[in-house]
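Everything on this sheet refers to the single structure shown next.
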Amino acid sequence: MTCSLCDRIAATQTKNYPYLVHEYPNSYLYLGEHQFYRGYCVLVSKTHYAEMTDLPGPLQIALFQEMMHAHALIESVFAPKKMNLCSLGNVVPHIHWHFFPRYAEDPNFTNPPWLQMHLFEGARIAAPERDALVMKLRAAVTAL
Ligand SMILES: [Zn+2]
């Protein structure tokens with residue numbers, strides 16, 4: 001089984017994928033292609049599994065630890081009031097987590113981030129800003 005996230009992983013492994021923040025042993029952390037929520041990132045399992053319960057136990061634990069590291073990393077750079085983590089997979093059934101940093105000035109703070117998804121496309125960032133955010137996150141990896 002392959003999917004769009006499998007394709008992204010293949011692209012990551014064969015060329016310099018510009019949204020790549022960090023390679024973990026079992027996953028990749030990417031800056032999101034939109035930044036409606038500044039610091040939005042996605043952590044993608046290197047292996048195609050639809051559900052966490054499909055994973056062997058040790059891999060469940062390892063992926064969870066990578067998720068916690070990514071969480072702390074994004075917090076350290078963007079200092080949100082709260083982090084929203086989402087793992088859905090209804091559209092792309094390949095284990096991944098969305099990290100939505102949420103800020104005090106967000107007028108919809110108490111609502112799920114997906115209620116704003118109609119605005120995400122308009123929040124795509126240009127390459128220079130993308131590169132700056134990726135470099136900021138990469139620099140923080142070593143500081144954790
Ligand atoms: Zn896949």
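Following the order of the structure tokens, first chain is A, next is B, and so on, with residues numbered from 1 inside each chain and ligands from 1 in the order they appear.
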**OP:** List all protein, DNA and RNA residues that have any atom at most 6 Å from ligand 1, counting only C-alpha atoms and all ligand atoms, and write the list as a list of chain:residue names.
**Re:**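 Selection of residues at most 6 Å from ligand 1: A:Thr2, A:Cys3, A:Leu5, A:Cys6, A:His48, A:His94.
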Store the residues picked out above in a file with all heavy atoms, as a compact mmCIF listing (two decimals), in the first residue's frame.
# COMPACT_ATOMS: atom_id res chain seq x y z
N THR A 2 0.58 2.13 -0.91
CA THR A 2 1.26 3.42 -0.89
C THR A 2 0.19 4.52 -0.92
O THR A 2 -0.95 4.27 -1.28
CB THR A 2 2.22 3.60 -2.09
OG1 THR A 2 1.47 3.53 -3.29
CG2 THR A 2 3.32 2.57 -2.07
N CYS A 3 0.61 5.71 -0.55
CA CYS A 3 -0.32 6.83 -0.47
C CYS A 3 0.46 8.12 -0.67
O CYS A 3 1.67 8.09 -0.90
CB CYS A 3 -1.03 6.81 0.88
SG CYS A 3 0.06 7.21 2.26
N LEU A 5 1.41 10.23 1.49
CA LEU A 5 2.48 10.39 2.49
C LEU A 5 3.65 9.44 2.20
O LEU A 5 4.80 9.80 2.42
CB LEU A 5 1.93 10.19 3.91
CG LEU A 5 1.06 11.35 4.40
CD1 LEU A 5 0.52 11.08 5.79
CD2 LEU A 5 1.82 12.68 4.38
N CYS A 6 3.36 8.25 1.68
CA CYS A 6 4.45 7.37 1.22
C CYS A 6 5.24 8.08 0.10
O CYS A 6 6.48 8.01 0.07
CB CYS A 6 3.90 6.05 0.70
SG CYS A 6 3.30 4.93 1.97
N HIS A 48 4.12 2.74 6.31
CA HIS A 48 2.68 2.88 6.10
C HIS A 48 1.92 1.93 7.01
O HIS A 48 1.94 0.71 6.82
CB HIS A 48 2.32 2.61 4.63
CG HIS A 48 0.88 2.85 4.33
ND1 HIS A 48 0.42 3.99 3.73
CD2 HIS A 48 -0.22 2.11 4.61
CE1 HIS A 48 -0.90 3.94 3.63
NE2 HIS A 48 -1.31 2.80 4.16
N HIS A 94 -2.45 6.91 6.68
CA HIS A 94 -1.04 6.63 6.95
C HIS A 94 -0.75 7.41 8.24
O HIS A 94 -0.97 8.62 8.28
CB HIS A 94 -0.20 7.15 5.77
CG HIS A 94 1.27 6.98 5.91
ND1 HIS A 94 2.07 6.50 4.89
CD2 HIS A 94 2.12 7.27 6.92
CE1 HIS A 94 3.33 6.48 5.28
NE2 HIS A 94 3.38 6.95 6.52
**OP:** Would you list the contacts of stretch 83-85 of chain A as number ranges by chain, taking every protein, DNA or RNA residue within 12 Å and counting only C-alpha atoms, but skipping same-chain residues closer than 5 positions in sequence?
**Re:** A: 37-43, 67-68, 70-76, 78, 96-104, 109-114
Please produce a file of those selected residues containing N, CA, C and O atoms, as a short mmCIF file (atom, residue, chain, number, x, y, z; two decimals), in the first residue's frame.
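To be explicit, this is the file written out as part.cif:
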data_model
loop_
_atom_site.label_atom_id
_atom_site.label_comp_id
_atom_site.auth_asym_id
_atom_site.auth_seq_id
_atom_site.Cartn_x
_atom_site.Cartn_y
_atom_site.Cartn_z
N TYR A 37 -1.86 28.55 11.48
CA TYR A 37 -1.39 28.51 12.86
C TYR A 37 0.13 28.46 12.80
O TYR A 37 0.70 27.45 12.38
N ARG A 38 0.76 29.56 13.18
CA ARG A 38 2.21 29.66 13.02
C ARG A 38 2.91 28.55 13.79
O ARG A 38 2.68 28.36 14.98
N GLY A 39 3.74 27.81 13.05
CA GLY A 39 4.45 26.68 13.64
C GLY A 39 3.78 25.34 13.36
O GLY A 39 4.27 24.31 13.81
N TYR A 40 2.71 25.38 12.58
CA TYR A 40 2.02 24.12 12.24
C TYR A 40 3.00 23.14 11.58
O TYR A 40 3.72 23.50 10.65
N CYS A 41 3.03 21.92 12.11
CA CYS A 41 3.91 20.89 11.60
C CYS A 41 3.16 19.56 11.52
O CYS A 41 2.09 19.41 12.13
N VAL A 42 3.75 18.62 10.79
CA VAL A 42 3.18 17.28 10.66
C VAL A 42 4.29 16.26 10.88
O VAL A 42 5.37 16.38 10.30
N LEU A 43 4.01 15.28 11.73
CA LEU A 43 4.94 14.18 11.96
C LEU A 43 4.38 12.95 11.25
O LEU A 43 3.22 12.58 11.48
N MET A 67 6.92 11.70 18.84
CA MET A 67 5.84 12.68 18.86
C MET A 67 6.04 13.66 20.02
O MET A 67 5.86 14.86 19.87
N MET A 68 6.43 13.15 21.18
CA MET A 68 6.64 14.02 22.34
C MET A 68 7.84 14.95 22.11
O MET A 68 7.82 16.12 22.51
N ALA A 70 8.86 16.03 19.16
CA ALA A 70 8.41 17.04 18.19
C ALA A 70 7.54 18.09 18.87
O ALA A 70 7.66 19.29 18.60
N HIS A 71 6.68 17.64 19.77
CA HIS A 71 5.82 18.55 20.53
C HIS A 71 6.67 19.56 21.30
O HIS A 71 6.44 20.78 21.21
N ALA A 72 7.65 19.06 22.03
CA ALA A 72 8.52 19.95 22.82
C ALA A 72 9.31 20.88 21.91
O ALA A 72 9.52 22.06 22.24
N LEU A 73 9.75 20.36 20.79
CA LEU A 73 10.51 21.18 19.84
C LEU A 73 9.69 22.36 19.34
O LEU A 73 10.15 23.51 19.37
N ILE A 74 8.49 22.09 18.89
CA ILE A 74 7.63 23.16 18.36
C ILE A 74 7.29 24.16 19.47
O ILE A 74 7.32 25.38 19.24
N GLU A 75 7.02 23.66 20.65
CA GLU A 75 6.75 24.56 21.80
C GLU A 75 7.94 25.47 22.08
O GLU A 75 7.78 26.65 22.37
N SER A 76 9.14 24.88 22.02
CA SER A 76 10.32 25.67 22.37
C SER A 76 10.56 26.81 21.38
O SER A 76 11.11 27.85 21.74
N PHE A 78 7.99 28.21 19.20
CA PHE A 78 6.84 29.11 18.97
C PHE A 78 6.10 29.54 20.23
O PHE A 78 5.29 30.46 20.16
N HIS A 96 -0.01 9.72 10.96
CA HIS A 96 0.63 11.04 11.04
C HIS A 96 -0.12 11.86 12.07
O HIS A 96 -1.27 11.60 12.37
N TRP A 97 0.58 12.85 12.61
CA TRP A 97 -0.01 13.76 13.59
C TRP A 97 0.14 15.19 13.10
O TRP A 97 1.21 15.57 12.63
N HIS A 98 -0.90 15.94 13.25
CA HIS A 98 -0.87 17.38 12.99
C HIS A 98 -0.60 18.07 14.31
O HIS A 98 -1.25 17.76 15.31
N PHE A 99 0.32 19.01 14.30
CA PHE A 99 0.63 19.82 15.49
C PHE A 99 0.18 21.24 15.19
O PHE A 99 0.78 21.92 14.34
N PHE A 100 -0.85 21.66 15.88
CA PHE A 100 -1.37 23.02 15.71
C PHE A 100 -1.05 23.84 16.95
O PHE A 100 -1.74 23.68 17.98
N PRO A 101 -0.04 24.71 16.89
CA PRO A 101 0.18 25.61 18.02
C PRO A 101 -0.97 26.61 18.09
O PRO A 101 -1.38 27.16 17.06
N ARG A 102 -1.50 26.82 19.26
CA ARG A 102 -2.62 27.74 19.44
C ARG A 102 -2.18 28.87 20.37
O ARG A 102 -1.50 28.62 21.37
N TYR A 103 -2.58 30.06 20.03
CA TYR A 103 -2.08 31.25 20.72
C TYR A 103 -3.21 31.99 21.43
O TYR A 103 -4.38 31.89 21.02
N ALA A 104 -2.84 32.73 22.44
CA ALA A 104 -3.83 33.44 23.25
C ALA A 104 -4.67 34.40 22.42
O ALA A 104 -5.85 34.59 22.69
N PHE A 109 -9.98 30.34 19.91
CA PHE A 109 -9.09 29.47 20.70
C PHE A 109 -9.76 28.21 21.21
O PHE A 109 -9.16 27.15 21.25
N THR A 110 -11.01 28.30 21.60
CA THR A 110 -11.66 27.12 22.21
C THR A 110 -12.22 26.16 21.16
O THR A 110 -12.72 25.10 21.51
N ASN A 111 -12.13 26.52 19.88
CA ASN A 111 -12.63 25.65 18.83
C ASN A 111 -11.52 24.76 18.27
O ASN A 111 -10.36 25.15 18.27
N PRO A 112 -11.87 23.61 17.74
CA PRO A 112 -10.87 22.77 17.07
C PRO A 112 -10.26 23.51 15.88
O PRO A 112 -10.97 24.27 15.20
N PRO A 113 -8.98 23.29 15.60
CA PRO A 113 -8.34 24.01 14.49
C PRO A 113 -8.97 23.74 13.13
O PRO A 113 -8.93 24.59 12.24
N TRP A 114 -9.57 22.59 12.96
CA TRP A 114 -10.13 22.23 11.66
C TRP A 114 -11.30 23.14 11.25
O TRP A 114 -11.64 23.20 10.08
#
**OP:** Name the residues in contact with stretch 20-32 of chain A at a cut-off of 8 Å, using only C-alpha atoms, excluding same-chain residues fewer than 3 positions from it; report them as a ChimeraX atom specification.
**Re:** /A:9,12,17,35,39-47,59,62-63,66,70,130,133-135,137-138,141
Original post:
Between A:Leu115, A:Ala127, A:Ala50, A:Leu144, which one has atoms that come closest to A:Pro93, using only C-alpha atoms?
Top reply: A:Ala50
**OP:** For each of A:Asp131, A:Ala139, A:Arg124, A:Gly57, take the minimum atom-to-atom distance to A:Pro18, counting only C-alpha atoms, then give the residue where this is smallest.
**Re:**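 Residue with the minimum atom-to-atom distance to A:Pro18: A:Asp131.
Taking only chain A, the residues that DSSP calls strand (DSSP E or B) from the backbone come to Leu20, Val21, His22, Glu23, Ser27, Tyr28, Leu29, Tyr30, Leu31, His34, Cys41, Val42, Leu43, Val44, Ser45, Lys82, Met83, Asn84, Leu85, Cys86, His96, Trp97, His98, Phe99, Phe100, Pro101, Arg102 and Arg124 of chain A.
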**OP:** Would you mind writing down, as a VMD selection string, each residue of stretch 20-139 of chain A that DSSP on the backbone assigns to alpha helix (DSSP H)?
**Re:** chain A and resid 57 to 78 127 to 139
I need the residues from that last selection saved to file as a compact mmCIF listing (two decimals), in the first residue's frame (with N, CA and C atoms), if you can.
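In the end it all went to again.txt:
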# COMPACT_ATOMS: atom_id res chain seq x y z
N GLY A 57 4.37 -3.33 19.33
CA GLY A 57 4.44 -2.56 20.58
C GLY A 57 5.65 -1.65 20.70
N PRO A 58 6.85 -2.15 20.47
CA PRO A 58 8.03 -1.26 20.61
C PRO A 58 7.99 -0.07 19.65
N LEU A 59 7.42 -0.26 18.48
CA LEU A 59 7.31 0.84 17.52
C LEU A 59 6.25 1.86 17.98
N GLN A 60 5.19 1.39 18.62
CA GLN A 60 4.20 2.32 19.21
C GLN A 60 4.89 3.25 20.19
N ILE A 61 5.72 2.67 21.05
CA ILE A 61 6.40 3.45 22.09
C ILE A 61 7.40 4.41 21.46
N ALA A 62 8.16 3.91 20.49
CA ALA A 62 9.18 4.75 19.84
C ALA A 62 8.52 5.93 19.12
N LEU A 63 7.43 5.67 18.41
CA LEU A 63 6.75 6.75 17.69
C LEU A 63 6.15 7.76 18.67
N PHE A 64 5.63 7.27 19.77
CA PHE A 64 5.07 8.19 20.77
C PHE A 64 6.17 9.09 21.33
N GLN A 65 7.34 8.53 21.57
CA GLN A 65 8.45 9.34 22.08
C GLN A 65 8.89 10.38 21.04
N GLU A 66 8.89 10.00 19.77
CA GLU A 66 9.24 10.96 18.72
C GLU A 66 8.18 12.07 18.66
N MET A 67 6.92 11.70 18.84
CA MET A 67 5.84 12.68 18.86
C MET A 67 6.04 13.66 20.02
N MET A 68 6.43 13.15 21.18
CA MET A 68 6.64 14.02 22.34
C MET A 68 7.84 14.95 22.11
N HIS A 69 8.87 14.44 21.45
CA HIS A 69 10.03 15.28 21.14
C HIS A 69 9.62 16.40 20.19
N ALA A 70 8.86 16.03 19.16
CA ALA A 70 8.41 17.04 18.19
C ALA A 70 7.54 18.09 18.87
N HIS A 71 6.68 17.64 19.77
CA HIS A 71 5.82 18.55 20.53
C HIS A 71 6.67 19.56 21.30
N ALA A 72 7.65 19.06 22.03
CA ALA A 72 8.52 19.95 22.82
C ALA A 72 9.31 20.88 21.91
N LEU A 73 9.75 20.36 20.79
CA LEU A 73 10.51 21.18 19.84
C LEU A 73 9.69 22.36 19.34
N ILE A 74 8.49 22.09 18.89
CA ILE A 74 7.63 23.16 18.36
C ILE A 74 7.29 24.16 19.47
N GLU A 75 7.02 23.66 20.65
CA GLU A 75 6.75 24.56 21.80
C GLU A 75 7.94 25.47 22.08
N SER A 76 9.14 24.88 22.02
CA SER A 76 10.32 25.67 22.37
C SER A 76 10.56 26.81 21.38
N VAL A 77 10.14 26.63 20.15
CA VAL A 77 10.37 27.66 19.12
C VAL A 77 9.24 28.67 19.08
N PHE A 78 7.99 28.21 19.20
CA PHE A 78 6.84 29.11 18.97
C PHE A 78 6.10 29.54 20.23
N ALA A 127 8.79 30.55 -0.19
CA ALA A 127 9.99 29.77 0.11
C ALA A 127 10.92 30.44 1.13
N PRO A 128 11.17 31.75 1.05
CA PRO A 128 12.09 32.33 2.04
C PRO A 128 11.57 32.21 3.48
N GLU A 129 10.28 32.43 3.66
CA GLU A 129 9.72 32.31 5.02
C GLU A 129 9.73 30.84 5.46
N ARG A 130 9.38 29.96 4.54
CA ARG A 130 9.43 28.52 4.85
C ARG A 130 10.83 28.12 5.29
N ASP A 131 11.83 28.52 4.52
CA ASP A 131 13.20 28.14 4.84
C ASP A 131 13.63 28.70 6.20
N ALA A 132 13.20 29.92 6.51
CA ALA A 132 13.56 30.53 7.79
C ALA A 132 12.94 29.76 8.95
N LEU A 133 11.67 29.36 8.79
CA LEU A 133 11.01 28.61 9.86
C LEU A 133 11.63 27.22 10.02
N VAL A 134 11.93 26.57 8.90
CA VAL A 134 12.56 25.24 8.97
C VAL A 134 13.92 25.35 9.66
N MET A 135 14.69 26.37 9.32
CA MET A 135 16.02 26.52 9.93
C MET A 135 15.91 26.81 11.43
N LYS A 136 14.90 27.59 11.80
CA LYS A 136 14.68 27.89 13.21
C LYS A 136 14.38 26.59 14.00
N LEU A 137 13.51 25.76 13.42
CA LEU A 137 13.17 24.49 14.08
C LEU A 137 14.37 23.55 14.10
N ARG A 138 15.09 23.48 13.00
CA ARG A 138 16.27 22.59 12.96
C ARG A 138 17.30 23.01 14.01
N ALA A 139 17.48 24.31 14.16
CA ALA A 139 18.46 24.80 15.15
C ALA A 139 18.03 24.41 16.56
